[in-house]
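Chemist: The file below is final_28.txt, compact mmCIF, C-alpha atoms:
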# COMPACT_ATOMS: atom_id res chain seq x y z
CA MET A 9 10.25 33.10 -79.96
CA SER A 10 11.31 29.47 -80.22
CA ASN A 11 10.11 27.19 -82.98
CA LEU A 12 7.54 24.59 -82.06
CA ILE A 13 7.91 21.22 -83.68
CA ARG A 14 4.73 19.27 -84.05
CA ARG A 15 5.29 15.54 -83.91
CA ASN A 16 2.70 13.83 -85.98
CA HIS A 17 3.66 10.49 -87.40
CA GLY A 18 0.24 9.85 -88.89
CA TYR A 19 -0.91 7.58 -86.06
CA ASP A 20 -4.41 7.60 -84.74
CA LEU A 21 -4.51 7.76 -80.94
CA ALA A 22 -6.91 4.83 -80.75
CA PRO A 23 -7.36 3.08 -84.07
CA ILE A 24 -10.69 1.29 -84.31
CA GLY A 25 -10.42 -2.46 -83.79
CA THR A 26 -6.88 -2.44 -82.35
CA ALA A 27 -5.57 -2.87 -78.82
CA TRP A 28 -5.06 0.43 -77.06
CA ASP A 29 -1.48 0.68 -75.73
CA PRO A 30 -0.85 4.00 -73.95
CA PHE A 31 2.91 3.40 -73.75
CA ARG A 32 3.19 2.82 -77.51
CA ILE A 33 1.20 5.99 -78.11
CA MET A 34 3.47 8.02 -75.82
CA ARG A 35 6.57 6.67 -77.56
CA GLU A 36 5.29 7.16 -81.10
CA VAL A 37 3.26 10.37 -80.89
CA LEU A 38 4.99 12.27 -78.12
CA GLY A 39 8.48 10.84 -78.50
CA TRP A 40 8.44 10.05 -74.78
CA ASP A 41 9.22 6.72 -73.13
CA ALA A 42 7.85 6.42 -69.59
CA PHE A 43 10.40 3.74 -68.72
CA ARG A 44 13.48 5.56 -70.05
CA GLU A 45 13.88 7.12 -66.60
CA VAL A 46 14.07 3.70 -64.94
CA GLU A 47 17.83 3.22 -64.91
CA PRO A 48 19.37 0.52 -62.73
CA ALA A 49 22.06 1.55 -60.27
CA GLY A 50 25.62 0.26 -60.55
CA SER A 51 28.02 -0.50 -63.34
CA ALA A 52 27.24 -2.70 -66.32
CA ALA A 53 29.46 -5.49 -64.90
CA GLU A 54 27.52 -5.47 -61.62
CA LEU A 55 24.23 -5.74 -63.50
CA ARG A 56 25.20 -8.84 -65.45
CA SER A 57 26.04 -10.96 -62.41
CA PHE A 58 24.11 -11.86 -59.30
CA ALA A 59 26.13 -10.67 -56.29
CA PRO A 60 24.00 -10.50 -53.15
CA ARG A 61 24.88 -7.88 -50.59
CA PHE A 62 25.46 -8.83 -46.96
CA ASP A 63 24.96 -7.04 -43.68
CA VAL A 64 27.66 -8.10 -41.21
CA LYS A 65 27.52 -7.20 -37.55
CA GLU A 66 29.36 -8.17 -34.41
CA THR A 67 27.49 -8.87 -31.20
CA LYS A 68 28.89 -9.75 -27.80
CA ASP A 69 28.58 -13.47 -28.58
CA ALA A 70 28.86 -13.83 -32.36
CA TYR A 71 29.35 -12.44 -35.86
CA VAL A 72 26.03 -12.27 -37.71
CA PHE A 73 25.75 -12.28 -41.52
CA ARG A 74 22.47 -11.48 -43.26
CA ALA A 75 21.72 -11.45 -46.99
CA ASP A 76 18.61 -11.12 -49.13
CA LEU A 77 18.58 -14.05 -51.54
CA PRO A 78 15.19 -13.97 -53.29
CA GLY A 79 14.65 -16.95 -55.54
CA VAL A 80 17.60 -18.91 -54.12
CA LYS A 81 16.55 -22.30 -52.81
CA GLN A 82 18.15 -24.01 -49.82
CA ASP A 83 19.55 -26.81 -52.00
CA GLY A 84 21.10 -24.11 -54.22
CA LEU A 85 23.29 -22.81 -51.37
CA ASP A 86 26.70 -23.97 -50.20
CA ILE A 87 28.15 -22.51 -46.99
CA SER A 88 31.60 -23.48 -45.73
CA LEU A 89 34.06 -22.35 -43.08
CA THR A 90 37.69 -23.23 -43.73
CA GLY A 91 40.07 -21.87 -41.10
CA ASN A 92 38.89 -18.31 -40.68
CA ARG A 93 37.41 -17.99 -44.21
CA LEU A 94 33.59 -18.10 -44.49
CA THR A 95 32.34 -18.75 -48.03
CA VAL A 96 28.74 -18.55 -49.24
CA SER A 97 28.01 -19.79 -52.77
CA GLY A 98 24.74 -20.26 -54.58
CA HIS A 99 22.70 -20.07 -57.72
CA ARG A 100 19.46 -18.33 -58.74
CA GLU A 101 17.64 -19.85 -61.71
CA GLN A 102 16.21 -17.58 -64.39
CA GLU A 103 12.46 -17.62 -64.78
CA ARG A 104 11.01 -18.77 -68.06
CA ARG A 105 10.14 -15.89 -70.39
CA GLU A 106 7.53 -15.95 -73.08
CA THR A 107 8.76 -14.74 -76.48
CA ASN A 108 5.63 -12.66 -77.07
CA ASP A 109 5.93 -10.74 -73.77
CA THR A 110 7.02 -7.11 -73.89
CA TYR A 111 9.48 -6.07 -71.17
CA TYR A 112 9.85 -2.37 -70.37
CA ALA A 113 12.57 -3.00 -67.80
CA SER A 114 14.60 -6.11 -67.02
CA GLU A 115 16.82 -5.57 -64.00
CA VAL A 116 16.64 -8.86 -62.10
CA VAL A 117 19.86 -10.82 -62.51
CA TYR A 118 20.37 -14.55 -62.30
CA GLY A 119 23.25 -16.97 -62.10
CA SER A 120 25.87 -18.17 -59.67
CA PHE A 121 27.58 -16.19 -56.94
CA THR A 122 30.32 -16.64 -54.36
CA ARG A 123 31.04 -14.36 -51.41
CA SER A 124 33.91 -14.88 -48.96
CA PHE A 125 34.62 -13.24 -45.63
CA THR A 126 37.74 -13.41 -43.48
CA LEU A 127 36.82 -13.82 -39.84
CA PRO A 128 38.94 -12.80 -36.85
CA GLU A 129 40.63 -15.43 -34.73
CA GLY A 130 38.58 -17.07 -32.00
CA VAL A 131 35.41 -18.15 -33.81
CA ASP A 132 33.65 -21.36 -32.79
CA ALA A 133 33.54 -23.23 -36.11
CA GLU A 134 31.69 -26.20 -34.58
CA ASN A 135 28.57 -24.19 -33.69
CA VAL A 136 27.88 -22.06 -36.79
CA ARG A 137 24.14 -21.72 -37.43
CA ALA A 138 22.55 -20.98 -40.82
CA ASP A 139 18.87 -20.25 -41.53
CA LEU A 140 17.16 -19.46 -44.84
CA LYS A 141 13.63 -18.15 -44.37
CA ASP A 142 11.52 -16.14 -46.82
CA GLY A 143 14.54 -15.53 -49.06
CA VAL A 144 16.71 -14.14 -46.23
CA LEU A 145 19.87 -16.00 -45.22
CA GLU A 146 21.11 -15.46 -41.69
CA LEU A 147 24.40 -16.94 -40.48
CA SER A 148 25.54 -16.77 -36.88
CA VAL A 149 29.21 -17.52 -36.22
CA PRO A 150 29.69 -17.69 -32.44
CA LYS A 151 32.81 -16.53 -30.65
CA LYS A 152 34.70 -18.91 -28.40
CA PRO A 153 34.09 -18.14 -24.72
CA GLU A 154 37.75 -17.27 -24.13
CA VAL A 155 37.66 -14.45 -26.69
CA GLN A 156 34.40 -12.90 -25.48
CA PRO A 157 34.86 -9.72 -23.46
CA LYS A 158 34.92 -10.06 -19.67
CA ARG A 159 33.85 -7.29 -17.35
CA ILE A 160 36.47 -6.30 -14.78
CA THR A 161 35.27 -4.63 -11.63
CA ILE A 162 37.50 -1.93 -10.16
CA GLY A 163 38.81 -2.64 -6.68
CA LYS A 164 38.28 -6.41 -6.73
CA THR A 165 40.70 -9.28 -7.29
CA ALA A 166 40.00 -12.27 -9.48
CA GLU A 167 38.51 -14.21 -6.52
CA GLY A 168 36.12 -11.37 -5.73
CA GLN A 169 38.12 -10.25 -2.64
CA ALA A 170 38.77 -6.56 -2.03
CA LYS A 171 42.40 -5.41 -2.40
CA ALA A 172 44.25 -4.74 0.80
Before we go any further, please render this structure as structure tokens.

Modeler:
Amino acid sequence: MSNLIRRNHGYDLAPIGTAWDPFRIMREVLGWDAFREVEPAGSAAELRSFAPRFDVKETKDAYVFRADLPGVKQDGLDISLTGNRLTVSGHREQERRETNDTYYASEVVYGSFTRSFTLPEGVDAENVRADLKDGVLELSVPKKPEVQPKRITIGKTAEGQAKA
């Protein structure tokens, strides 16, 4: 039979006249922390810097970039296209924290970021569109008409005449 260890640190579960904190009681009496299981994903280096993730897709007409940027304001973003290099830079300001607040988890990261993408040849740099709405950035980089796919019909010439 295994030994049972009773954990009693001399604390009353609800001392009279004090604020009742169930998390403190669980930590002190039971030796259990409800928030210990809340572990952020990723490496420690990833957690210290704000690096938004992008979805990138190709449509028939354009390359579409989409990123969740909560807390990033429009004037805190810089988007540039140099040659075939698309660069998105920005900054998310840290919220003010009160010194007497107790945090059980702090996973939101703040600071500056820069993401760059190399685009294929044939993008229309003059007609790039960027929208930031509800914390979601969407960039549309159109393709030039000459690089968009053209459908070729079998049995027809370029003028639409049937082959002889």

Chemist: Can you tell me how far atom CA of Ala59 of chain A sits from atom CA of Ser114 of chain A, in Å to one decimal?

Modeler: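 The value is 16.4 Å.
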
Chemist: I'd like the interatomic distance between atom CA of Val96 of chain A and atom CA of Glu115 of chain A, to a tenth of an Å.

Modeler: 23.0 Å

Chemist: Could you pull the residues within 12 Å of Pro128 of chain A, counting all atoms listed in the file, minus those fewer than 3 positions along the same chain, as a list in words?

Modeler: Glu66, Ala70, Tyr71, Gly91, Asn92, Arg93, Leu94, Phe125, Val131, Asp132, Ala133, Val149, Pro150, Lys151, Lys152 and Val155 of chain A

Chemist: Do you know which residues lie at most 10 Å from (19.2, -19.1, -60.3), with coordinates as in the file and only C-alpha atoms counted, and could you write them as a PyMOL selection string?

Modeler: chain A and resi 58+78-81+84+98-103+117-121

Chemist: Which value, in Å to one decimal, gives the distance between atom CA of Leu85 of chain A and atom CA of Ala138 of chain A?

Modeler: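 Rounded to one decimal, the two atoms are 10.7 Å apart.
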
Chemist: For Leu89 of chain A, which residue among A:Pro60, A:Thr161, A:Glu134, A:Lys141 is the nearest when counting all atoms listed in the file?

Modeler: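 The answer is A:Glu134, which sits nearest to Leu89 of chain A.
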
Chemist: At a cut-off of 7 Å, using only C-alpha atoms, what residues contact segment 144-148 of chain A? Leave out same-chain residues fewer than 6 positions from it and give the result as a PyMOL selection string.

Modeler: chain A and resi 70-77+136-138

Chemist: Can you write just those residues out, C-alpha atoms, as a compact mmCIF listing (two decimals), in the frame of the given file?

Modeler:
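Output file result35.txt is given in full below:
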# COMPACT_ATOMS: atom_id res chain seq x y z
CA ALA A 70 28.86 -13.83 -32.36
CA TYR A 71 29.35 -12.44 -35.86
CA VAL A 72 26.03 -12.27 -37.71
CA PHE A 73 25.75 -12.28 -41.52
CA ARG A 74 22.47 -11.48 -43.26
CA ALA A 75 21.72 -11.45 -46.99
CA ASP A 76 18.61 -11.12 -49.13
CA LEU A 77 18.58 -14.05 -51.54
CA VAL A 136 27.88 -22.06 -36.79
CA ARG A 137 24.14 -21.72 -37.43
CA ALA A 138 22.55 -20.98 -40.82
